[in-house]
Structure formats: C-alpha cells, structure tokens
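**Q** Here's a structure for you.
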Amino acid sequence: MRWAAIVWLSAVLGASAAAAALNSSQRVRAFAALPDWTGLWQTEAARAFNSLSGKAAGNEYEAINRYVQLVGPAPYTEAWGKKLRADLATPAAAAGASNAKLCTYGFPIIMDVFQLFQAVVTPEETLFVFDDGEVRHIYTDGRRHPAKDDLWPTAMGDSVGHWQGDTLIVDTVARTAGSLGIGPNTLSAQAHFTERVRRLDKNDLEDQMTIEDPTAFTHPWKLTIHYTRAADLDRMLPWDCANDRNPVVNGKISVAPP
Amino acid sequence: MWRLVSSGLALLLVAQSGAAHHSGAMFDSQKSLTLQGTVKLFQWTNPHCWIQLLVQAPAPAAEWSIEMGSTGNLYRNGWRSSTLTAGEKITVTLHPVRDGTAAGQFISATAADGSSLGRPSRTAPP
C-alpha cells in the first residue's frame, strides 16, 4: 500500500516537476505516503561525546577516529595523496589543526559528527535541520540540479532526491572544494555524493553514502552512517557559539575570562 | 590506492572534538586536579558551559575557569541552568590547561554534602 502511494507520489511530482504545486487533497495524500522520520536523530559520535565535558571516554583523537567515518582513509589517487600529504606537513597546517574552531560544519561531515538533527519530510522536499542551525534542503519535487550558470559551490552543496519505497535517494553536487573540516580529508570541486537514507526501525536511521570524486579518488568511497533516536529529548536544543571564550592567543587556543 | 591514515597526519589533523568547537589538546588529559571552592558564576551557554570557581587552595587564591560541554550535553546528563548558584560550595575535578593558567576541563563535581552533580564525564556512551 505504501509502495503504491509512493509510486503515485513520485509520478505526480515527477510529472509536474517543480512547476505545478499539488492541490490540497493531493498534498494530504502525498504526506500520507511518506515515511515517518519524526524525532531527533544522533550519530554514533554524538552519542559517544554526550557527557558533561562534551568529550568521549578515553583518548579524544582515537574516539573521533572510531566514531567519525569521514576522517578515515579515503581512496585517494597517488597524485592527490602526495599533494595532500605535502599540504598537511606544513607548519601552517599543523598550527591550523591545533587552533581550529568550528561553529558550523558543512556537508558531508555534518552527517557524521556531533550535531543532532530533525528530519522534516514533505512531499516537495526533505529537510535535515541541525541543532547548530545548519539545514540541508533535499528537493523531491522532480526538479534537477540548477543549470551551470545558476549553480555555484556552497558548504552544503545542491541536493535533489526521490523516493524508492521508504528510501530517500539523494544526489548532491556543488560542494565547495577543500577540507571536510575535521580530519585530513579534502575533496575536489568534482565531488559527487549519492545517499540512500532509510529508517531501519523505530529508533534507527541509516545513510548509505557514496562519494565519487574523479579528480581525487581512484574509486567511489562508500560509507554507512548510523543514527539513533535521541529518545531522551522532546525538542531541539540549539547549539551556537554565542559565548566563545576560547580565543587564539599567541597561536594557541586559550581560555578568556567571562 | 593512497591512504593518509598510515601517515600519522590523520590524527594530527583531527582537531575539533566533542562539544565540537575546538580541540581538547589544550588540556592535559594525563593530569587530574581536584579543587574545593565557591561558585562565583555558572554560565549556561554555548558552545560551552562554564563554572567560575573561587579557590583558596592551593595558593595563591585564584578564580578558575572550568570548561564544560554544551547546554545540550549538560541537559542530557541531568544538569539544568539552576544546578549551580553563586555562593555554593562545590568540589570539582578537572584536567588543567597545559599553560598553567587557572583553567581546566570539567570531569566531575560534587555538592557540599558529597552528592554527585549529574553524571561524571568520560563515562561509557549511553
């Protein structure tokens, strides 16, 4: 039944593309066909680092490498790997790593780090709304990516999607080239992302992510990111940098008075 | 295929952590310090909550800045903005900063009656 409804939804939206809005009764029917992803979702990293100090048990770096897959080994070409290694070996890179501070993350690392998110599923788009204020818009109204002149690189890239049963297939391009923000990995401007997002059961969500980068990679990089429901929360708790007391002084992060 | 993980740089460049925001490298995680003091200020803020603790010993007397996780981290571990009030006497265990200033990373705290305030940090994931 749900399959039939989603096939109908895909047909309606696909045929009309973004041009024609659904009428009210069509929209009610379209909503009813969509999977229920309500609630707040957290990565394995968010669970591990949920403590009074905001740190995980044990060694910090080992914990990040254990829980954040996107800091792991990427299938770089020899040329890209050599260049990246040289870039990372500079004193400036080392200093930047120890002094770096993040208040937002960008895609794709936002899907794999510490921020909780809410999935808002509508017939026209699915939104991933993160507690740091970042939002992914994944348009499912049948549109394609914008034309070349209407598209430029952004931290989140441009995402369109469609439903295959209860699985959301997401296609993302135009992510700003460069570092993932955490860890050593970088991507070129040609990076292309495909995700298959589905709810496994009441409390588990999964994102099967494939990153293709014809410039940097020898072959696609496949990851499966697992989320669990944050059952202890009944609302989004915002996270911001309004009281940043960690200025960089003499090249090191320090503690400022209140 | 070329993999960075074997270079050691993978660990080096993993800078930010848990409460996101910044690395914990500034704190000496091999050292723990327990301080008794009086709460001057409790900041229920992001990216970190902070305890300002007036400490008499060890000398000299100093105001310590104790960094905690985010409001979300604290809330999910049983703390509220009202958990600490100015003038309250508490005992805090922390990892001190490496540069010797009066600051550190929160590990745990107990009230004057010895009861634990929330769940201590560095526990196993829920």
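We label chains A, B, ... in the order they appear in the structure tokens, count residues from 1 in each chain, and number ligands from 1 in the order shown.
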DSSP says helix (DSSP H, G or I) for which residues of region 62-233 of chain A? Put them as number ranges by chain?
**A** A: 62-67, 69-71, 78-88, 91-99, 109-111, 148-150
**Q** Report as a CSV table (one decimal) with N, CA and C atoms, in the first residue's frame all protein, DNA and RNA residues lying within 7 Å of region 38-49 of chain B, evaluated on only C-alpha atoms, omitting residues in the same chain fewer than 3 positions from it.
**A**
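Listing of out.csv after writing:
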```
chain,number,residue,atom,x,y,z
A,239,TRP,N,22.4,24.8,19.5
A,239,TRP,CA,23.9,24.9,19.8
A,239,TRP,C,24.4,26.0,19.0
A,240,ASP,N,25.2,26.9,19.6
A,240,ASP,CA,25.7,28.1,18.9
A,240,ASP,C,27.0,28.4,19.5
A,241,CYS,N,27.6,29.5,19.0
A,241,CYS,CA,28.9,30.0,19.5
A,241,CYS,C,28.8,31.4,20.2
A,242,ALA,N,27.6,31.6,20.8
A,242,ALA,CA,27.4,32.9,21.3
A,242,ALA,C,28.3,33.3,22.4
A,243,ASN,N,28.8,32.4,23.2
A,243,ASN,CA,29.7,32.7,24.3
A,243,ASN,C,31.0,31.9,24.1
A,244,ASP,N,31.7,32.3,23.0
A,244,ASP,CA,33.0,31.7,22.7
A,244,ASP,C,34.1,32.3,23.6
B,19,ALA,N,32.4,18.6,22.1
B,19,ALA,CA,31.5,19.7,22.1
B,19,ALA,C,31.7,20.5,20.8
B,21,HIS,N,33.5,22.7,18.3
B,21,HIS,CA,34.2,23.9,18.6
B,21,HIS,C,35.7,23.8,18.5
B,52,GLN,N,32.8,29.4,37.0
B,52,GLN,CA,33.8,30.3,37.6
B,52,GLN,C,33.9,29.9,39.1
B,53,LEU,N,35.0,29.4,39.5
B,53,LEU,CA,35.1,28.9,40.9
B,53,LEU,C,36.2,29.6,41.6
B,54,LEU,N,35.9,30.2,42.8
B,54,LEU,CA,36.8,30.9,43.6
B,54,LEU,C,37.5,29.9,44.5
B,55,VAL,N,38.8,29.7,44.4
B,55,VAL,CA,39.6,28.7,45.1
B,55,VAL,C,40.6,29.3,45.9
B,67,GLU,N,35.8,24.6,32.0
B,67,GLU,CA,35.0,24.5,30.7
B,67,GLU,C,34.3,23.1,30.7
B,68,MET,N,33.0,23.2,30.4
B,68,MET,CA,32.2,22.0,30.3
B,68,MET,C,31.7,21.8,28.8
B,69,GLY,N,30.8,20.9,28.7
B,69,GLY,CA,30.2,20.6,27.3
B,69,GLY,C,29.2,21.7,27.0
B,70,SER,N,28.4,21.4,26.0
B,70,SER,CA,27.3,22.4,25.6
B,70,SER,C,26.1,22.3,26.5
B,71,THR,N,25.2,23.2,26.4
B,71,THR,CA,24.0,23.1,27.2
B,71,THR,C,23.3,21.8,26.9
B,81,SER,N,20.2,24.9,34.2
B,81,SER,CA,20.8,26.2,34.5
B,81,SER,C,20.8,26.5,35.9
B,84,LEU,N,23.8,25.0,39.6
B,84,LEU,CA,24.7,25.7,40.4
B,84,LEU,C,24.3,27.1,40.6
B,85,THR,N,24.5,27.6,41.8
B,85,THR,CA,24.2,29.0,42.1
B,85,THR,C,25.4,29.7,42.7
B,86,ALA,N,25.5,31.0,42.5
B,86,ALA,CA,26.6,31.7,43.1
B,86,ALA,C,26.6,31.6,44.6
B,87,GLY,N,27.8,31.4,45.2
B,87,GLY,CA,27.9,31.2,46.6
B,87,GLY,C,27.9,29.8,47.1
B,88,GLU,N,27.6,28.9,46.2
B,88,GLU,CA,27.5,27.5,46.5
B,88,GLU,C,28.9,26.9,46.6
B,89,LYS,N,29.1,26.1,47.6
B,89,LYS,CA,30.5,25.4,47.8
B,89,LYS,C,30.4,24.0,47.1
B,90,ILE,N,31.4,23.8,46.2
B,90,ILE,CA,31.4,22.5,45.5
B,90,ILE,C,32.9,22.1,45.4
```
**Q** Point out the residue among A:Asp36, A:Asp149, A:Asp201, A:Glu125 with the least atom-to-atom distance to Ile169 (chain A), counting only C-alpha atoms.
**A**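 Under the stated criterion, the closest residue is A:Glu125.
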**Q** Just the residues within 10 Å of Ala112 (chain B), please, counting only C-alpha atoms, with nothing from its chain fewer than 2 positions along; format it as a list of chain:residue names.
**A**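 The filter keeps B:Gln36, B:Gly37, B:Glu88, B:Lys89, B:Ile90, B:Thr91, B:Ala109, B:Thr110, B:Gly114, B:Ser115, B:Ser116.
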**Q** So how far away is CA of Arg175 (chain A) from CA of Ser159 (chain A), in Å?
**A**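 So the two atoms, CA of Ser159 (chain A) and CA of Arg175 (chain A), lie 9.8 Å apart.
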**Q** Write out as a PyMOL selection string the residues lying within 6 Å of Gln105 (chain B), counting only C-alpha atoms and excluding same-chain residues fewer than 6 positions away.
**A** chain B and resi 66-67+94-95
**Q** Selected residues, C-alpha atoms, written as a PDB file, in the first residue's frame, please.
**A**
```pdb
ATOM      1  CA  ILE B  66      36.194  25.415  34.187  1.00  0.00           C
ATOM      2  CA  GLU B  67      35.039  24.454  30.714  1.00  0.00           C
ATOM      3  CA  LEU B  94      39.269  18.717  36.156  1.00  0.00           C
ATOM      4  CA  HIS B  95      42.025  18.339  33.616  1.00  0.00           C
TER       5      HIS B  95
END
```
**Q** Counting only C-alpha atoms, figure out which residue out of A:Val113, A:Met236, A:Ala97, A:Val197 gets nearest to Lys252 (chain A).
**A**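 Nearest candidate to Lys252 (chain A) out of A:Val113, A:Met236, A:Ala97, A:Val197: A:Ala97.
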**Q** Which chain A residues are at most 7 Å from chain B (counting only C-alpha atoms), as an MDAnalysis selection string?
**A** chainID A and resid 47:58 61 72:78 81 97:98 100:103 114 182:184 218 237 239:244 253
**Q** Rounded to one decimal, what separation in Å do you get between CA of Ala95 (chain A) and CA of Ala63 (chain A)?
**A**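 Taking CA of Ala95 (chain A) and CA of Ala63 (chain A), their separation equals 21.3 Å.
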**Q** Write out as a list in words all residues of region 27-57 of chain A that backbone DSSP assigns to strand (DSSP E or B).
**A** Leu40, Trp41, Gln42 and Thr43 of chain A
